[in-house]
Protein chains: 2
Amino acid sequence: MKNIQSSQFIYEKKDICLDNASLMLEETVFHTANGYLGVRACLEEGYPSDYDSIRGSYINGFYDFAEMKQAEKLCGLCEEKQTMLNVADSQGIQLLLDGEAFSMFQGTVEESRRYLDMAAGVSGRQVIWRSPAGKRAEIHIRRMASFVQLSLFTIEYSVKALNFNGNVSFLSTHLGDVKNYCNPNDPRVAGESFEHLLPVSAEFVEDVSFLVTRTSKSDLTVCTAVKNILSKKGSVSTSLEGHRAAAMLAAPIAEGETVTLVKYTVFADSIRYRGCRTAAARELKKALELPLEEHYAAQRHYLDIFWDQSSLEIEGDDELAIATRYNMYQLLQSVGKDEHSNIAAKGLSGEGYEGHYFWDTEMYMQPFFTLTNPALSKNLVAYRYSILEAARENARILGHTKGALYPWRTIMGKECSGYFPSGSAQYHINGDIAYSVVAYYLATKDLAFIAEKGAEIVFETARLWMDAGNYCHGKFHINAVTGPDEYTCIVNNNYFTNASAQYNLHWAVRFYQLLKEAGTLEAAERIGLTQEEVAQFAQAEQQMYLPYDEELGINPQDDSFLQKAMWDFEHTPKDHYPLLLYYHPLYIYRFQVCKQADTVLAHFIYEDAQDIETIRRSFAYYEKVTTHDSSLSTCIFSIVASKLGLTEKAYAYFGDSAKLDLFNLHHNTKDGIHTANMGGNYMSIVYGFGGFRLKESGIWFSPTLPSQWKGYRFKILYEGSQIQVAVSEKETIFTLVKGEPKTIHVYGEAYELASTLAIPGKAVTI
Amino acid sequence: MKNIQSSQFIYEKKDICLDNASLMLEETVFHTANGYLGVRACLEEGYPSDYDSIRGSYINGFYDFAEMKQAEKLCGLCEEKQTMLNVADSQGIQLLLDGEAFSMFQGTVEESRRYLDMAAGVSGRQVIWRSPAGKRAEIHIRRMASFVQLSLFTIEYSVKALNFNGNVSFLSTHLGDVKNYCNPNDPRVAGESFEHLLPVSAEFVEDVSFLVTRTSKSDLTVCTAVKNILSKKGSVSTSLEGHRAAAMLAAPIAEGETVTLVKYTVFADSIRYRGCRTAAARELKKALELPLEEHYAAQRHYLDIFWDQSSLEIEGDDELAIATRYNMYQLLQSVGKDEHSNIAAKGLSGEGYEGHYFWDTEMYMQPFFTLTNPALSKNLVAYRYSILEAARENARILGHTKGALYPWRTIMGKECSGYFPSGSAQYHINGDIAYSVVAYYLATKDLAFIAEKGAEIVFETARLWMDAGNYCHGKFHINAVTGPDEYTCIVNNNYFTNASAQYNLHWAVRFYQLLKEAGTLEAAERIGLTQEEVAQFAQAEQQMYLPYDEELGINPQDDSFLQKAMWDFEHTPKDHYPLLLYYHPLYIYRFQVCKQADTVLAHFIYEDAQDIETIRRSFAYYEKVTTHDSSLSTCIFSIVASKLGLTEKAYAYFGDSAKLDLFNLHHNTKDGIHTANMGGNYMSIVYGFGGFRLKESGIWFSPTLPSQWKGYRFKILYEGSQIQVAVSEKETIFTLVKGEPKTIHVYGEAYELASTLAIPGKAVTI
């Protein structure tokens, strides 16, 4: 167990637990992904036959259609969903020492360790094993999904003979006849697995296996190609049986000698490549042109830049520091690197939520990229632009004659919500996407991209609000929608939704003006947007109805929220959370009880809509009725608590959320990581404790330091300038790391940041 | 075509149309049922192979469970429904004339006619047919589902040789391997048919075939037994192949001679009978003890009484008179005759709505029985009592810790709603059932039955309201429920629901008092109902919040109805009705648009809750926004228009609804009759034009005469006294036909009715 340099960038688990639950959890935790492909960290050699495993390899945005029957057919309800596919299994490597098969479950595991090296971009397993016959070997397996060549996944499998001379052989498999995970005993996942992939061709070209499959309904194809290279001369034989290819590589090994197998897999799908069989051959050829060490070096270089841009250090809590870094790394592993994909709710780490993209991206994850890696944020907007036509069609399905309505959950643009009251009815996703376009613009001032793609999204979503809302007593109302809180569905004038629509309309008007001034109004012309419509946007924005309760001095979540009975928290058994698993939705709808931040989220995102005292009262009110049954909630409460100067409370809400997946706090990490929570965790620090805001008026900071920490540092990119913010007890030091000087606002005051600026810490009183 | 005496009780169609659509329609229109069993009027000999047919025989309340997958699993959603089964096919009779098979589609149909004789209680087909070889025969087929022996269904099949001597033979089949109807090309009915019935035994005992089958999931069994008797000596042979039995009966026939086959089928199911095989043998034996003519006579006698009790005559519109009679007859055919069954939405005439019972019974059909045949009304209450325990369980599923919540649609008591927002959320069904119990009590003063069963229903439904509602600013609110109008779901303080709950609570208190006075409080004791709870009922009743809009002077349908945008009727294409087939429900929810009477229904049922001017304004308001996309709507508008003195408008709403099924006005009568519409049609006359009301203060009349009619007459039973009401232009004559004298109220004045009373007609001004 040497050679691996322990550092702040390594998350490791020693003494691998061999119970099934731990192994399935670690399949997620140590998965390898690059935003294009993702491979779960299953053991190469497999598990005992009575073990369960989600043995999946995924391509972001690669899907098939699947039937989704409605119990009662109503007009426009989705009856077909998209589902992310397990595309192939190239994880299989069976190591044999003189014919004895390596297994963690046989012989003796003397030492073992799994790790994720986030500076190197590899995950690994190290084992010292003694076979039943007494042969001792040191095994080290490293996996990489290359960030530089996105099609490439490698397994480097090294074996050192510790006490014997003999033969080592590797049976390396490549299987195309895979299915998605199912478990008839778990009602939460699919009970039976549909055959989504049909074989097209399987062949060996020399010792390279090529498997091509086609989806059953979506008419997509994918090719995977596998090449195995042994570090020393030996024998190679191959076999092909249906869509199952195997290569056997063998060589002699001497005591003290290390023999290594490198297994290259490339993935090529028909969404990105014309002729994916040819593309796979080309990508494999490209991969093989460099030795593995150079791929490792390129990976490390990519991550050097990533960590430099997104640096976030916490002093005083090492475990939290590593967890925060883990989260950022997972966001990078999950984010789509092209306009064909986005960030799935579970990234590329598992099949939970079927690889669907939600509002989670725009409201919880994209801010991280917008502030640290705007090119990836731009891709996310480009993806939304790529499905704008589908969003228009979705709006028609929902009855609207104009505008676009983004689907609540989707892969390729069509809605996949099974239960529309807490799915398609969440119209705020339109505002969320518009908000993310604006944020990208505010961080970059990239008006060219707004002209090309961003503005059209903002215009079409604004149009939808005009069609969905209506004037009532002079105010613009939006009825029959669902806000973020899914414990109250189909309501009138959800505060968050209306605030979100107001912002969307505001920026539709603003982009129209900016583009007009720049003489690039093609987006408006393309969709026939008239000056008159823009004037209607402005009017609706001004007259937007934002419910306010005079008596309580707060913003009601919606028109009727406050007249409902209070949920009886006192008599709710502790094991009846999350409520949605124990109470009929209709029962929940009847009470003042929130699954997650809703009005409180509005108080963060659209903070200028209300004065601070209203926000303070609202926060106190909703705090009492929110269960945080969603992982998207506490981070927002943390941010708003920070805003209100309630730093200790903010820290309490921040809590262990950073460690959700590492410690499996929600007991479902086996199904995949919680990407939105990871983004929310980042926001709790930067937007919460750091008090960062991105506005048309510039960038704003209002740093606070939790008493549990000694300090923290983060970097953001703003209009091309990189700014580091280092918060300590006595002061915050702002440093212009690169780029032009910028005006920054700290605790409400404007400063010109040309090199370094130290602002004394401010004790915020409540 | 002689022998059948044409009268006001015969509905007939001459020249049978042989297109598929007409035949399927007539399968419904001429079906034969008695409330226990129902057989669709398929042609005995079948149709050509490319024809579709719903060849069904049903037992009221006999069901299997069927999977009903939810697209998204949420806590408490139904994933299993009940479905009424097609239990056997004993309709098959193939007539052969010297080996030539009779078919309407071969040879020449010289004359033909189908009819329903509602005085005799038989439906029939008469055909004069010439075979391809030139043999002419007169065929007369009569079917009866006996009202006297409910297990018995008969087919009398007569053949008269008009121009030949030869042999006549009948191949009579009895099939147990039947399925429910499916049509892969029609999205509105099942696309594939599940095998719900599994064979248990099949045998011939002498020439009687017995088929026993068992349901796949609900563990019910049914036995059908068939016996064929030929009117003259001949040969008989039988065959049995799996669950398909056949008997071939043959005899010589001479020119001018009539040979008749009588086919007896008895149905016996395990819900009603212990050992249904034995029961079937016993029932068949009983049936055979009487000659067919005596069964006919008993049937006629039963109907004599029925028509005498429910007499409703209209002068001046013969077509309407026969349609109205047809509707009453269908109600009798459909109503369950025991506590194991109720009235399905399509009666026993087809598989639409899967044989489920809805609120339609209590609010649209039961009033007819309450006023004319209280014993049947009592059965309907007894059925609801039999599923009270299931309603308690349903309340628990919906989150309530006390009380009972009746399922929105069911056969055996468990909820079958696939989409709960317009299913289970219709809590008013509790109030509707309570209302029907009260109505039964008011019409009969049968306090013993209230003590035994009725009160417990009213108490438990009242308890549910206490758990579902909450006080808000001193008023009792009921949130998150759906009213009768399914175009607005999950709303707060639906006016109808709150009024309904108020009435329910009122009568819970009242029954408690009445039973206490009578010293029969066992029902309260059984369920632990305390004096304190009853006091809470009284308080909630008094403080019930009934929304009222000061500005418009009307009752809003719910808290937020009036703030929504108006539906754009002007730009809605005529072929986009019913809206539910053309617009996503969420879109519809956003507008002021009603599928059916909702607040207007409350203005009829709970008319004393508002003054007449409020009702007038409400009626005018809702008239403009109601599409009447439900067949339960226009009859209610007709009744309230009558109440408001708008007789011409009332007549316009009454319109053709009486003829809905006879003329297939909704284009779906093939799937079954619209029983609720039939009941509504009765109510439009008696409650509408007749202005009848049944209250604790007595019975009230306020007759008006549509100018299209010369007069109308109806009879009601009130506290055992039969009263006839004969309305003509100049006066209304009330006659005490039998029983004790009664106080009646006419146009608001009280009169003692001891024999006959003539009240001058009252011109109501608007």
# chains A, B, ... in the order shown; residues from 1 in each chain; ligands from 1

call {"tool": "interface_residues", "arguments": {"of": "chain A", "to": "chain B", "cutoff": "6 Å", "atoms": "only C-alpha atoms", "output": "VMD selection string"}}
result
chain A and resid 68 to 72 75 to 76 398 to 399 418 to 419 479 to 480 581 583 to 584 587 590

call {"tool": "residues_around", "arguments": {"residues": "Ser193 of chain B", "least_positions_apart": "3", "cutoff": "10 Å", "atoms": "only C-alpha atoms", "output": "PyMOL selection string"}}
result
chain B and resi 179-184+190+196

call {"tool": "atom_distance", "arguments": {"atom1": "atom CA of Ile54 of chain B", "atom2": "atom CA of Met104 of chain B"}}
result
18.1 Å

call {"tool": "residues_around", "arguments": {"residues": "segment 530-543 of chain A", "least_positions_apart": "3", "cutoff": "9 Å", "atoms": "only C-alpha atoms", "output": "list of chain:residue names"}}
result
A:Phe459, A:Ala462, A:Arg463, A:Trp465, A:Met466, A:Tyr471, A:Gly474, A:Lys475, A:Phe476, A:His477, A:Ala501, A:Gln502, A:Tyr503, A:Asn504, A:Leu505, A:His506, A:Ala508, A:Val509, A:Tyr512, A:Ala524, A:Glu525

call {"tool": "write_last_selection", "arguments": {"atoms": "N, CA, C and O atoms", "output": "mmCIF file, in the first residue's frame"}}
result
data_model
loop_
_atom_site.group_PDB
_atom_site.id
_atom_site.type_symbol
_atom_site.label_atom_id
_atom_site.label_comp_id
_atom_site.auth_asym_id
_atom_site.auth_seq_id
_atom_site.Cartn_x
_atom_site.Cartn_y
_atom_site.Cartn_z
ATOM 1 N N PHE A 459 -37.172 34.971 -24.703
ATOM 2 C CA PHE A 459 -38.376 35.500 -25.366
ATOM 3 C C PHE A 459 -39.509 34.474 -25.348
ATOM 4 O O PHE A 459 -40.659 34.781 -25.037
ATOM 5 N N ALA A 462 -40.941 33.910 -21.955
ATOM 6 C CA ALA A 462 -41.748 35.081 -21.570
ATOM 7 C C ALA A 462 -43.121 35.018 -22.235
ATOM 8 O O ALA A 462 -44.155 35.287 -21.614
ATOM 9 N N ARG A 463 -43.119 34.637 -23.494
ATOM 10 C CA ARG A 463 -44.394 34.512 -24.216
ATOM 11 C C ARG A 463 -45.339 33.538 -23.526
ATOM 12 O O ARG A 463 -46.547 33.732 -23.488
ATOM 13 N N TRP A 465 -45.553 32.850 -20.375
ATOM 14 C CA TRP A 465 -46.196 33.465 -19.196
ATOM 15 C C TRP A 465 -47.383 34.328 -19.614
ATOM 16 O O TRP A 465 -48.410 34.345 -18.929
ATOM 17 N N MET A 466 -47.217 35.020 -20.748
ATOM 18 C CA MET A 466 -48.315 35.878 -21.195
ATOM 19 C C MET A 466 -49.546 35.035 -21.526
ATOM 20 O O MET A 466 -50.676 35.480 -21.345
ATOM 21 N N TYR A 471 -54.928 38.991 -16.394
ATOM 22 C CA TYR A 471 -55.104 40.136 -15.511
ATOM 23 C C TYR A 471 -56.369 39.958 -14.691
ATOM 24 O O TYR A 471 -57.386 39.478 -15.192
ATOM 25 N N GLY A 474 -56.540 44.303 -12.411
ATOM 26 C CA GLY A 474 -55.366 45.081 -12.782
ATOM 27 C C GLY A 474 -54.023 44.429 -12.518
ATOM 28 O O GLY A 474 -52.986 44.939 -12.936
ATOM 29 N N LYS A 475 -54.008 43.313 -11.814
ATOM 30 C CA LYS A 475 -52.743 42.634 -11.534
ATOM 31 C C LYS A 475 -52.618 41.378 -12.399
ATOM 32 O O LYS A 475 -53.625 40.758 -12.750
ATOM 33 N N PHE A 476 -51.383 41.031 -12.718
ATOM 34 C CA PHE A 476 -51.156 39.860 -13.557
ATOM 35 C C PHE A 476 -51.068 38.618 -12.684
ATOM 36 O O PHE A 476 -50.174 38.488 -11.849
ATOM 37 N N HIS A 477 -52.030 37.707 -12.867
ATOM 38 C CA HIS A 477 -52.112 36.480 -12.070
ATOM 39 C C HIS A 477 -51.636 35.285 -12.897
ATOM 40 O O HIS A 477 -51.823 35.253 -14.106
ATOM 41 N N ALA A 501 -41.519 34.488 -13.084
ATOM 42 C CA ALA A 501 -42.079 34.989 -14.343
ATOM 43 C C ALA A 501 -41.760 36.474 -14.510
ATOM 44 O O ALA A 501 -41.439 36.934 -15.610
ATOM 45 N N GLN A 502 -41.835 37.203 -13.405
ATOM 46 C CA GLN A 502 -41.539 38.629 -13.462
ATOM 47 C C GLN A 502 -40.097 38.867 -13.936
ATOM 48 O O GLN A 502 -39.845 39.706 -14.799
ATOM 49 N N TYR A 503 -39.183 38.104 -13.384
ATOM 50 C CA TYR A 503 -37.772 38.225 -13.754
ATOM 51 C C TYR A 503 -37.576 37.838 -15.219
ATOM 52 O O TYR A 503 -36.848 38.495 -15.968
ATOM 53 N N ASN A 504 -38.246 36.785 -15.618
ATOM 54 C CA ASN A 504 -38.176 36.310 -16.999
ATOM 55 C C ASN A 504 -38.673 37.400 -17.948
ATOM 56 O O ASN A 504 -38.016 37.727 -18.957
ATOM 57 N N LEU A 505 -39.801 37.997 -17.618
ATOM 58 C CA LEU A 505 -40.369 39.053 -18.466
ATOM 59 C C LEU A 505 -39.432 40.270 -18.484
ATOM 60 O O LEU A 505 -39.201 40.871 -19.537
ATOM 61 N N HIS A 506 -38.891 40.587 -17.322
ATOM 62 C CA HIS A 506 -37.970 41.720 -17.231
ATOM 63 C C HIS A 506 -36.801 41.539 -18.191
ATOM 64 O O HIS A 506 -36.433 42.451 -18.935
ATOM 65 N N ALA A 508 -36.618 39.507 -20.774
ATOM 66 C CA ALA A 508 -37.039 39.471 -22.180
ATOM 67 C C ALA A 508 -37.025 40.892 -22.730
ATOM 68 O O ALA A 508 -36.520 41.148 -23.835
ATOM 69 N N VAL A 509 -37.533 41.792 -21.934
ATOM 70 C CA VAL A 509 -37.551 43.205 -22.343
ATOM 71 C C VAL A 509 -36.120 43.739 -22.440
ATOM 72 O O VAL A 509 -35.739 44.388 -23.419
ATOM 73 N N TYR A 512 -34.164 42.376 -25.331
ATOM 74 C CA TYR A 512 -34.661 42.994 -26.568
ATOM 75 C C TYR A 512 -33.999 44.353 -26.756
ATOM 76 O O TYR A 512 -33.505 44.677 -27.838
ATOM 77 N N ALA A 524 -35.316 37.919 -32.308
ATOM 78 C CA ALA A 524 -36.686 38.417 -32.257
ATOM 79 C C ALA A 524 -37.360 38.255 -33.609
ATOM 80 O O ALA A 524 -38.524 37.847 -33.704
ATOM 81 N N GLU A 525 -36.607 38.549 -34.653
ATOM 82 C CA GLU A 525 -37.190 38.441 -36.001
ATOM 83 C C GLU A 525 -37.518 36.990 -36.339
ATOM 84 O O GLU A 525 -38.562 36.702 -36.914
#

call {"tool": "select_by_dssp", "arguments": {"residues": "segment 118-197 of chain B", "states": "strand (DSSP E or B)", "output": "MDAnalysis selection string"}}
result
chainID B and resid 122:130 136:145 152:161 166:175 197

call {"tool": "atom_distance", "arguments": {"atom1": "atom CA of Met683 of chain B", "atom2": "atom CA of Phe9 of chain B"}}
result
20.4 Å

call {"tool": "residues_around", "arguments": {"residues": "Gly688 of chain A", "least_positions_apart": "6", "cutoff": "10 Å", "atoms": "only C-alpha atoms", "output": "list in words"}}
result
Phe604, Cys635, Ile636, Phe637, Ser638, Ile639, Val640, Ala641, Ser642, Lys643, Leu644, Gly645, Thr647, Ala650, Tyr651, Phe654, Gly680, Asn681, Tyr682, Phe701, Ser702, Pro703 and Thr704 of chain A

call {"tool": "residues_around", "arguments": {"residues": "Thr497 of chain A", "least_positions_apart": "3", "cutoff": "8 Å", "atoms": "only C-alpha atoms", "output": "ChimeraX atom specification"}}
result
/A:427-428,431,483,493-494,500-501

call {"tool": "write_last_selection", "arguments": {"atoms": "N, CA, C and O atoms", "output": "PDB file, in the first residue's frame"}}
result
ATOM      1  N   TYR A 427     -44.453  25.084 -13.882  1.00  0.00           N
ATOM      2  CA  TYR A 427     -44.109  26.044 -14.933  1.00  0.00           C
ATOM      3  C   TYR A 427     -42.873  26.873 -14.590  1.00  0.00           C
ATOM      4  O   TYR A 427     -42.258  27.461 -15.463  1.00  0.00           O
ATOM      5  N   HIS A 428     -42.532  26.932 -13.301  1.00  0.00           N
ATOM      6  CA  HIS A 428     -41.386  27.767 -12.936  1.00  0.00           C
ATOM      7  C   HIS A 428     -40.105  27.320 -13.624  1.00  0.00           C
ATOM      8  O   HIS A 428     -39.148  28.084 -13.692  1.00  0.00           O
ATOM      9  N   GLY A 431     -38.992  29.890 -15.896  1.00  0.00           N
ATOM     10  CA  GLY A 431     -38.298  31.003 -15.249  1.00  0.00           C
ATOM     11  C   GLY A 431     -36.892  30.610 -14.812  1.00  0.00           C
ATOM     12  O   GLY A 431     -35.968  31.415 -14.863  1.00  0.00           O
ATOM     13  N   GLY A 483     -45.604  25.220  -7.671  1.00  0.00           N
ATOM     14  CA  GLY A 483     -44.305  25.813  -7.359  1.00  0.00           C
ATOM     15  C   GLY A 483     -43.296  24.732  -7.022  1.00  0.00           C
ATOM     16  O   GLY A 483     -43.570  23.537  -7.163  1.00  0.00           O
ATOM     17  N   ASN A 493     -51.169  31.709  -8.173  1.00  0.00           N
ATOM     18  CA  ASN A 493     -50.212  32.726  -7.739  1.00  0.00           C
ATOM     19  C   ASN A 493     -49.198  32.205  -6.728  1.00  0.00           C
ATOM     20  O   ASN A 493     -49.036  32.782  -5.650  1.00  0.00           O
ATOM     21  N   ASN A 494     -48.547  31.161  -7.114  1.00  0.00           N
ATOM     22  CA  ASN A 494     -47.408  30.702  -6.320  1.00  0.00           C
ATOM     23  C   ASN A 494     -46.372  31.834  -6.335  1.00  0.00           C
ATOM     24  O   ASN A 494     -45.960  32.298  -7.406  1.00  0.00           O
ATOM     25  N   SER A 500     -40.564  34.543 -10.455  1.00  0.00           N
ATOM     26  CA  SER A 500     -39.743  33.972 -11.515  1.00  0.00           C
ATOM     27  C   SER A 500     -40.209  34.464 -12.889  1.00  0.00           C
ATOM     28  O   SER A 500     -39.400  34.838 -13.751  1.00  0.00           O
ATOM     29  N   ALA A 501     -41.519  34.488 -13.084  1.00  0.00           N
ATOM     30  CA  ALA A 501     -42.079  34.989 -14.343  1.00  0.00           C
ATOM     31  C   ALA A 501     -41.760  36.474 -14.510  1.00  0.00           C
ATOM     32  O   ALA A 501     -41.439  36.934 -15.610  1.00  0.00           O
TER      33      ALA A 501
END

call {"tool": "residues_around", "arguments": {"residues": "segment 348-361 of chain A", "least_positions_apart": "2", "cutoff": "7 Å", "atoms": "only C-alpha atoms", "output": "PDB file with C-alpha atoms, in the first residue's frame"}}
result
ATOM      1  CA  THR A  28     -21.781   4.931  -7.147  1.00  0.00           C
ATOM      2  CA  HIS A  31     -17.830   5.685 -10.355  1.00  0.00           C
ATOM      3  CA  ALA A  33     -17.332   9.655 -15.561  1.00  0.00           C
ATOM      4  CA  LEU A  37     -19.661   8.538 -20.443  1.00  0.00           C
ATOM      5  CA  GLY A  38     -19.981   7.108 -16.981  1.00  0.00           C
ATOM      6  CA  VAL A  39     -19.073   3.672 -15.625  1.00  0.00           C
ATOM      7  CA  ARG A  40     -20.141   2.447 -12.225  1.00  0.00           C
ATOM      8  CA  TYR A  58     -23.964   5.152 -19.575  1.00  0.00           C
ATOM      9  CA  ASN A  60     -25.104  11.209 -21.272  1.00  0.00           C
ATOM     10  CA  THR A  83     -34.809   6.389 -20.244  1.00  0.00           C
ATOM     11  CA  MET A  84     -31.010   6.526 -20.096  1.00  0.00           C
ATOM     12  CA  SER A 334     -21.643  14.757 -14.479  1.00  0.00           C
ATOM     13  CA  ASN A 342     -27.063  18.329 -19.623  1.00  0.00           C
ATOM     14  CA  ILE A 343     -26.643  17.185 -16.017  1.00  0.00           C
ATOM     15  CA  ALA A 344     -28.815  14.275 -14.947  1.00  0.00           C
ATOM     16  CA  ALA A 345     -30.209  14.182 -11.434  1.00  0.00           C
ATOM     17  CA  LYS A 346     -27.807  11.343 -10.681  1.00  0.00           C
ATOM     18  CA  MET A 363     -31.035  26.388 -10.017  1.00  0.00           C
ATOM     19  CA  TYR A 364     -28.573  24.226  -8.145  1.00  0.00           C
ATOM     20  CA  MET A 365     -25.707  23.175 -10.397  1.00  0.00           C
ATOM     21  CA  GLN A 366     -25.261  25.618 -13.213  1.00  0.00           C
ATOM     22  CA  TRP A 408     -40.189  19.175 -16.161  1.00  0.00           C
ATOM     23  CA  ARG A 409     -38.043  16.119 -16.750  1.00  0.00           C
ATOM     24  CA  THR A 410     -36.537  15.034 -20.018  1.00  0.00           C
ATOM     25  CA  ILE A 411     -33.544  13.798 -21.915  1.00  0.00           C
ATOM     26  CA  ILE A 429     -38.878  25.675 -14.868  1.00  0.00           C
ATOM     27  CA  ASP A 432     -35.450  28.872 -13.931  1.00  0.00           C
ATOM     28  CA  ASP A 671     -28.962   4.541  -7.267  1.00  0.00           C
ATOM     29  CA  GLY A 672     -26.610   7.420  -7.961  1.00  0.00           C
ATOM     30  CA  ILE A 673     -25.167  10.610  -6.543  1.00  0.00           C
ATOM     31  CA  ALA A 676     -28.230  18.997  -7.155  1.00  0.00           C
TER      32      ALA A 676
END

call {"tool": "residues_around", "arguments": {"residues": "Glu613 of chain A", "least_positions_apart": "6", "cutoff": "12 Å", "atoms": "only C-alpha atoms", "output": "compact mmCIF listing (two decimals) with N, CA, C and O atoms, in the first residue's frame"}}
result
# COMPACT_ATOMS: atom_id res chain seq x y z
N LEU A 552 -49.61 38.90 8.60
CA LEU A 552 -48.36 38.27 9.00
C LEU A 552 -47.13 39.01 8.48
O LEU A 552 -46.02 38.77 8.93
N GLY A 553 -47.37 39.88 7.51
CA GLY A 553 -46.24 40.60 6.94
C GLY A 553 -45.28 39.69 6.17
O GLY A 553 -44.07 39.91 6.15
N ILE A 554 -45.84 38.65 5.56
CA ILE A 554 -45.00 37.71 4.79
C ILE A 554 -45.61 37.50 3.41
O ILE A 554 -46.75 37.91 3.16
N ASN A 555 -44.85 36.87 2.55
CA ASN A 555 -45.40 36.47 1.25
C ASN A 555 -45.96 35.07 1.37
O ASN A 555 -45.21 34.12 1.65
N HIS A 603 -36.87 34.21 -2.00
CA HIS A 603 -36.21 35.26 -1.23
C HIS A 603 -34.69 35.26 -1.45
O HIS A 603 -34.02 36.23 -1.16
N GLU A 607 -34.20 38.28 -4.50
CA GLU A 607 -34.18 38.90 -3.18
C GLU A 607 -34.61 40.36 -3.22
O GLU A 607 -35.09 40.88 -2.22
N PHE A 619 -39.02 33.89 6.27
CA PHE A 619 -38.08 32.81 6.60
C PHE A 619 -38.50 32.13 7.91
O PHE A 619 -38.57 30.90 7.99
N ALA A 620 -38.80 32.96 8.90
CA ALA A 620 -39.20 32.41 10.20
C ALA A 620 -40.49 31.59 10.07
O ALA A 620 -40.65 30.54 10.70
N LYS A 643 -27.89 35.29 4.70
CA LYS A 643 -28.30 36.64 4.28
C LYS A 643 -28.87 37.43 5.45
O LYS A 643 -28.66 38.64 5.58
N LEU A 644 -29.60 36.70 6.31
CA LEU A 644 -30.25 37.36 7.44
C LEU A 644 -29.29 37.50 8.63
O LEU A 644 -29.70 37.94 9.70
N ILE A 766 -28.39 40.38 14.48
CA ILE A 766 -29.70 39.92 14.03
C ILE A 766 -30.78 40.82 14.62
O ILE A 766 -30.86 40.99 15.82

call {"tool": "select_by_dssp", "arguments": {"residues": "segment 205-341 of chain B", "states": "helix (DSSP H, G or I)", "output": "number ranges by chain"}}
result
B: 276-288, 292-310, 318-334

call {"tool": "atom_distance", "arguments": {"atom1": "atom CA of Lys232 of chain B", "atom2": "atom CA of Ile128 of chain B"}}
result
21.7 Å
